[in-house]
>>> print(open('work.cif').read())   # mmCIF, N, CA and C atoms
data_upload
#
loop_
_atom_site.label_atom_id
_atom_site.label_comp_id
_atom_site.auth_asym_id
_atom_site.auth_seq_id
_atom_site.Cartn_x
_atom_site.Cartn_y
_atom_site.Cartn_z
N MET S 1 16.11 -3.43 -0.53
CA MET S 1 15.59 -2.84 -1.75
C MET S 1 16.78 -2.45 -2.63
N HIS S 2 16.58 -2.61 -3.90
CA HIS S 2 17.58 -2.17 -4.88
C HIS S 2 17.21 -0.73 -5.26
N ILE S 3 18.15 0.19 -5.10
CA ILE S 3 17.87 1.61 -5.32
C ILE S 3 18.57 2.09 -6.58
N ILE S 4 17.78 2.70 -7.45
CA ILE S 4 18.28 3.22 -8.72
C ILE S 4 17.89 4.71 -8.78
N SER S 5 18.67 5.65 -8.83
CA SER S 5 20.10 5.71 -8.95
C SER S 5 20.65 6.60 -7.84
N ARG S 6 21.62 6.09 -7.15
CA ARG S 6 22.25 6.82 -6.05
C ARG S 6 22.92 8.10 -6.54
N LEU S 7 23.30 8.13 -7.80
CA LEU S 7 23.97 9.30 -8.36
C LEU S 7 23.13 10.57 -8.20
N LYS S 8 21.81 10.46 -8.29
CA LYS S 8 20.94 11.62 -8.11
C LYS S 8 21.10 12.19 -6.71
N LEU S 9 21.26 11.31 -5.73
CA LEU S 9 21.46 11.77 -4.35
C LEU S 9 22.81 12.48 -4.22
N ILE S 10 23.83 11.88 -4.79
CA ILE S 10 25.18 12.46 -4.72
C ILE S 10 25.20 13.84 -5.39
N ASP S 11 24.62 13.94 -6.56
CA ASP S 11 24.57 15.22 -7.26
C ASP S 11 23.88 16.28 -6.41
N PHE S 12 22.81 15.87 -5.72
CA PHE S 12 22.07 16.82 -4.90
C PHE S 12 22.88 17.25 -3.69
N TRP S 13 23.49 16.30 -2.97
CA TRP S 13 24.20 16.72 -1.75
C TRP S 13 25.50 17.45 -2.06
N GLU S 14 26.01 17.32 -3.27
CA GLU S 14 27.16 18.15 -3.64
C GLU S 14 26.77 19.62 -3.74
N LYS S 15 25.51 19.89 -4.10
CA LYS S 15 25.00 21.26 -4.17
C LYS S 15 24.42 21.72 -2.83
N HIS S 16 23.98 20.76 -2.02
CA HIS S 16 23.37 21.04 -0.71
C HIS S 16 24.05 20.14 0.33
N PRO S 17 25.24 20.53 0.78
CA PRO S 17 26.02 19.66 1.67
C PRO S 17 25.30 19.26 2.96
N ASP S 18 24.38 20.09 3.43
CA ASP S 18 23.66 19.74 4.66
C ASP S 18 22.71 18.57 4.46
N ALA S 19 22.46 18.19 3.22
CA ALA S 19 21.59 17.05 2.93
C ALA S 19 22.36 15.74 2.86
N GLU S 20 23.68 15.79 2.85
CA GLU S 20 24.47 14.57 2.64
C GLU S 20 24.21 13.51 3.71
N VAL S 21 24.35 13.85 4.96
CA VAL S 21 24.18 12.84 6.02
C VAL S 21 22.75 12.30 6.05
N PRO S 22 21.72 13.16 6.02
CA PRO S 22 20.36 12.61 6.01
C PRO S 22 20.07 11.71 4.80
N LEU S 23 20.59 12.07 3.63
CA LEU S 23 20.36 11.23 2.45
C LEU S 23 21.13 9.92 2.55
N LYS S 24 22.32 9.95 3.10
CA LYS S 24 23.07 8.70 3.30
C LYS S 24 22.36 7.79 4.29
N ILE S 25 21.77 8.37 5.33
CA ILE S 25 21.01 7.58 6.30
C ILE S 25 19.80 6.97 5.63
N TRP S 26 19.06 7.78 4.86
CA TRP S 26 17.90 7.25 4.14
C TRP S 26 18.31 6.10 3.23
N PHE S 27 19.38 6.30 2.45
CA PHE S 27 19.84 5.29 1.51
C PHE S 27 20.20 3.99 2.23
N SER S 28 20.93 4.10 3.31
CA SER S 28 21.35 2.92 4.05
C SER S 28 20.14 2.14 4.59
N ARG S 29 19.18 2.85 5.17
CA ARG S 29 18.00 2.19 5.72
C ARG S 29 17.14 1.58 4.62
N ALA S 30 16.97 2.31 3.53
CA ALA S 30 16.13 1.80 2.43
C ALA S 30 16.78 0.60 1.75
N LYS S 31 18.09 0.63 1.61
CA LYS S 31 18.80 -0.46 0.94
C LYS S 31 18.67 -1.77 1.73
N LYS S 32 18.66 -1.68 3.04
CA LYS S 32 18.56 -2.86 3.90
C LYS S 32 17.12 -3.39 4.00
N ALA S 33 16.16 -2.55 3.66
CA ALA S 33 14.75 -2.89 3.84
C ALA S 33 14.29 -3.97 2.85
N LYS S 34 13.26 -4.68 3.27
CA LYS S 34 12.60 -5.67 2.40
C LYS S 34 11.09 -5.48 2.52
N TRP S 35 10.66 -4.25 2.26
CA TRP S 35 9.26 -3.91 2.41
C TRP S 35 8.38 -4.70 1.45
N LYS S 36 7.25 -5.13 1.96
CA LYS S 36 6.26 -5.84 1.13
C LYS S 36 5.08 -4.95 0.79
N GLY S 37 5.03 -3.78 1.44
CA GLY S 37 3.92 -2.86 1.19
C GLY S 37 4.16 -1.54 1.88
N ILE S 38 3.25 -0.61 1.64
CA ILE S 38 3.39 0.74 2.19
C ILE S 38 3.36 0.74 3.71
N GLY S 39 2.61 -0.16 4.31
CA GLY S 39 2.57 -0.23 5.77
C GLY S 39 3.92 -0.52 6.38
N GLU S 40 4.65 -1.44 5.79
CA GLU S 40 5.99 -1.76 6.28
C GLU S 40 6.94 -0.59 6.05
N LEU S 41 6.84 0.06 4.91
CA LEU S 41 7.67 1.22 4.63
C LEU S 41 7.42 2.30 5.67
N LYS S 42 6.14 2.54 5.97
CA LYS S 42 5.80 3.60 6.93
C LYS S 42 6.22 3.26 8.36
N ARG S 43 6.41 2.00 8.66
CA ARG S 43 6.96 1.65 9.98
C ARG S 43 8.39 2.16 10.11
N ASP S 44 9.15 2.09 9.02
CA ASP S 44 10.53 2.57 9.02
C ASP S 44 10.61 4.08 8.82
N PHE S 45 9.69 4.63 8.04
CA PHE S 45 9.67 6.06 7.74
C PHE S 45 8.24 6.59 7.95
N PRO S 46 7.88 6.86 9.21
CA PRO S 46 6.50 7.25 9.52
C PRO S 46 6.01 8.51 8.81
N THR S 47 6.91 9.41 8.44
CA THR S 47 6.47 10.65 7.79
C THR S 47 6.39 10.52 6.27
N ALA S 48 6.74 9.36 5.73
CA ALA S 48 6.64 9.15 4.28
C ALA S 48 5.17 9.17 3.87
N ASP S 49 4.93 9.70 2.68
CA ASP S 49 3.56 9.77 2.16
C ASP S 49 3.45 9.07 0.83
N TYR S 50 2.49 8.16 0.73
CA TYR S 50 2.16 7.55 -0.56
C TYR S 50 1.28 8.54 -1.28
N VAL S 51 1.71 9.00 -2.47
CA VAL S 51 0.97 10.04 -3.19
C VAL S 51 0.25 9.50 -4.42
N GLY S 52 0.32 8.20 -4.64
CA GLY S 52 -0.35 7.59 -5.78
C GLY S 52 0.63 7.27 -6.89
N ASN S 53 0.17 6.45 -7.82
CA ASN S 53 0.97 6.08 -8.99
C ASN S 53 2.32 5.48 -8.59
N ASP S 54 2.31 4.69 -7.52
CA ASP S 54 3.50 4.00 -7.01
C ASP S 54 4.59 4.94 -6.50
N ARG S 55 4.25 6.19 -6.20
CA ARG S 55 5.24 7.16 -5.71
C ARG S 55 5.09 7.38 -4.20
N VAL S 56 6.26 7.49 -3.55
CA VAL S 56 6.32 7.79 -2.13
C VAL S 56 7.22 9.00 -1.95
N VAL S 57 6.77 9.94 -1.11
CA VAL S 57 7.54 11.14 -0.81
C VAL S 57 8.11 10.99 0.60
N PHE S 58 9.42 11.21 0.70
CA PHE S 58 10.11 11.17 1.98
C PHE S 58 10.55 12.59 2.34
N ASN S 59 10.36 12.95 3.59
CA ASN S 59 10.86 14.22 4.10
C ASN S 59 12.30 14.00 4.55
N ILE S 60 13.19 14.84 4.08
CA ILE S 60 14.62 14.72 4.38
C ILE S 60 15.07 15.95 5.16
N LYS S 61 15.86 15.71 6.18
CA LYS S 61 16.43 16.77 7.01
C LYS S 61 15.34 17.68 7.58
N GLY S 62 14.48 17.05 8.36
CA GLY S 62 13.42 17.83 9.01
C GLY S 62 12.49 18.52 8.05
N ASN S 63 12.25 17.90 6.92
CA ASN S 63 11.34 18.41 5.89
C ASN S 63 11.91 19.59 5.12
N ASN S 64 13.21 19.81 5.20
CA ASN S 64 13.84 20.85 4.37
C ASN S 64 13.92 20.42 2.92
N TYR S 65 14.02 19.13 2.71
CA TYR S 65 14.15 18.58 1.36
C TYR S 65 13.13 17.47 1.17
N ARG S 66 12.84 17.17 -0.08
CA ARG S 66 11.91 16.10 -0.42
C ARG S 66 12.56 15.13 -1.38
N LEU S 67 12.22 13.87 -1.18
CA LEU S 67 12.72 12.80 -2.03
C LEU S 67 11.51 12.00 -2.51
N ILE S 68 11.40 11.85 -3.82
CA ILE S 68 10.30 11.07 -4.39
C ILE S 68 10.89 9.82 -5.03
N VAL S 69 10.34 8.69 -4.66
CA VAL S 69 10.77 7.43 -5.26
C VAL S 69 9.58 6.70 -5.85
N LEU S 70 9.85 6.00 -6.91
CA LEU S 70 8.89 5.09 -7.53
C LEU S 70 9.17 3.73 -6.92
N VAL S 71 8.16 3.13 -6.29
CA VAL S 71 8.36 1.90 -5.52
C VAL S 71 7.70 0.72 -6.21
N PHE S 72 8.48 -0.36 -6.32
CA PHE S 72 7.94 -1.64 -6.79
C PHE S 72 8.25 -2.67 -5.71
N PHE S 73 7.26 -2.89 -4.84
CA PHE S 73 7.46 -3.79 -3.71
C PHE S 73 7.74 -5.22 -4.17
N THR S 74 7.01 -5.69 -5.18
CA THR S 74 7.19 -7.08 -5.62
C THR S 74 8.58 -7.30 -6.21
N GLY S 75 9.12 -6.31 -6.88
CA GLY S 75 10.46 -6.43 -7.46
C GLY S 75 11.56 -5.93 -6.53
N GLN S 76 11.16 -5.39 -5.36
CA GLN S 76 12.11 -4.86 -4.38
C GLN S 76 13.02 -3.79 -4.99
N LYS S 77 12.38 -2.85 -5.72
CA LYS S 77 13.14 -1.78 -6.36
C LYS S 77 12.57 -0.42 -6.01
N LEU S 78 13.49 0.54 -5.84
CA LEU S 78 13.15 1.94 -5.66
C LEU S 78 13.86 2.73 -6.74
N PHE S 79 13.11 3.52 -7.48
CA PHE S 79 13.69 4.39 -8.49
C PHE S 79 13.58 5.82 -8.00
N ILE S 80 14.72 6.47 -7.81
CA ILE S 80 14.72 7.85 -7.36
C ILE S 80 14.26 8.73 -8.52
N ARG S 81 13.16 9.42 -8.31
CA ARG S 81 12.58 10.25 -9.37
C ARG S 81 12.87 11.73 -9.16
N PHE S 82 13.04 12.14 -7.89
CA PHE S 82 13.24 13.57 -7.59
C PHE S 82 13.88 13.69 -6.23
N VAL S 83 14.82 14.59 -6.12
CA VAL S 83 15.32 15.04 -4.82
C VAL S 83 15.52 16.54 -4.95
N GLY S 84 14.93 17.28 -4.01
CA GLY S 84 15.02 18.73 -4.14
C GLY S 84 14.53 19.45 -2.91
N THR S 85 14.57 20.76 -3.02
CA THR S 85 14.10 21.61 -1.93
C THR S 85 12.58 21.56 -1.89
N ARG S 86 12.04 22.05 -0.80
CA ARG S 86 10.57 22.11 -0.71
C ARG S 86 10.01 23.04 -1.78
N ALA S 87 10.71 24.14 -2.05
CA ALA S 87 10.24 25.08 -3.09
C ALA S 87 10.20 24.40 -4.45
N ALA S 88 11.22 23.63 -4.78
CA ALA S 88 11.23 22.91 -6.06
C ALA S 88 10.13 21.85 -6.08
N TYR S 89 9.92 21.19 -4.96
CA TYR S 89 8.87 20.16 -4.86
C TYR S 89 7.49 20.78 -5.13
N ASP S 90 7.28 21.97 -4.61
CA ASP S 90 5.98 22.63 -4.78
C ASP S 90 5.65 22.94 -6.23
N LYS S 91 6.65 22.90 -7.10
CA LYS S 91 6.45 23.23 -8.52
C LYS S 91 6.24 22.01 -9.41
N ILE S 92 6.25 20.82 -8.82
CA ILE S 92 6.13 19.60 -9.63
C ILE S 92 4.88 18.81 -9.21
N ASP S 93 4.53 17.85 -10.01
CA ASP S 93 3.45 16.92 -9.67
C ASP S 93 4.12 15.60 -9.25
N ALA S 94 4.08 15.34 -7.96
CA ALA S 94 4.77 14.17 -7.40
C ALA S 94 4.23 12.86 -7.95
N THR S 95 3.01 12.85 -8.46
CA THR S 95 2.42 11.59 -8.95
C THR S 95 2.85 11.25 -10.36
N THR S 96 3.47 12.19 -11.06
CA THR S 96 3.84 11.92 -12.45
C THR S 96 5.33 12.04 -12.72
N ILE S 97 6.08 12.58 -11.79
CA ILE S 97 7.51 12.77 -12.04
C ILE S 97 8.23 11.44 -12.10
#
>>> encode(input="work.cif", output="structure tokens")
Amino acid sequence: MHIISRLKLIDFWEKHPDAEVPLKIWFSRAKKAKWKGIGELKRDFPTADYVGNDRVVFNIKGNNYRLIVLVFFTGQKLFIRFVGTRAAYDKIDATTI
């Protein structure tokens, strides 16, 4: 998958250093993936949730952080829409961000 934009991850882990390794692991696994649908994605990330409107929420670092991506399986692209704490996640609408 082509992931846009890694910079959001870097900016986040610079503020939350404990998220760096888990986000790097997520990035590496997602970049190598060639998912054709949500079922294949969930095989690699069983705790990921499809929330609608082409958005998938990933739990990062034991659910301490959340990552929302906009997924286009046919184009093999992931657009990082949000990375944040659970408290910040609770204040947004994951389906529209």
>>> select_by_dssp(input="work.cif", residues="chain S", states="strand (DSSP E)", output="PyMOL selection string")
chain S and resi 2-4+49-52+55-60+65-72+77-85
>>> residues_around(input="work.cif", residues="range 73-85 of chain S", least_positions_apart="4", cutoff="8 Å", atoms="only C-alpha atoms", output="list in words")
Met1, His2, Ile3, Ile4, Ser5, Arg6, Lys8, Leu9, Phe12, Lys34, Trp35, Lys36, Gly37, Asn64, Tyr65, Arg66, Leu67, Ile68, Val69, Tyr89 and Ile97 of chain S
>>> closest_residue(input="work.cif", among="S:Thr96, S:Ala87, S:Trp13, S:Ser28", to="Gly52 in chain S", atoms="all atoms listed in the file")
S:Thr96
>>> atom_distance(input="work.cif", atom1="atom N of Asn53 in chain S", atom2="atom N of Lys32 in chain S")
22.9 Å
>>> axis_aligned_box(input="work.cif", around="range 24-28 of chain S", padding_each_side="6 Å", output="JSON")
{"center_x": 20.5, "center_y": 6.0, "center_z": 3.9, "size_x": 17.2, "size_y": 19.8, "size_z": 16.8}
>>> closest_residue(input="work.cif", among="S:Arg55, S:Lys42, S:Lys61, S:Arg29", to="His16 in chain S", atoms="only C-alpha atoms")
S:Lys61
>>> select_by_dssp(input="work.cif", residues="chain S", states="helix (DSSP H, G or I)", output="PyMOL selection string")
chain S and resi 6-15+17-32+38-44+86-89
>>> atom_distance(input="work.cif", atom1="atom N of Lys24 in chain S", atom2="atom N of Asp11 in chain S")
10.7 Å
>>> closest_residue(input="work.cif", among="S:Ala88, S:Ala94, S:Ile10, S:Ala33", to="Phe58 in chain S", atoms="only C-alpha atoms")
S:Ala94
>>> atom_distance(input="work.cif", atom1="atom C of Pro46 in chain S", atom2="CA of Lys91 in chain S")
22.7 Å
>>> closest_residue(input="work.cif", among="S:Trp26, S:Asn63, S:Ala19, S:Thr95", to="Phe45 in chain S", atoms="only C-alpha atoms")
S:Trp26
>>> closest_residue(input="work.cif", among="S:Ala30, S:Leu23, S:Ile92, S:Leu7", to="Asn59 in chain S", atoms="only C-alpha atoms")
S:Leu23
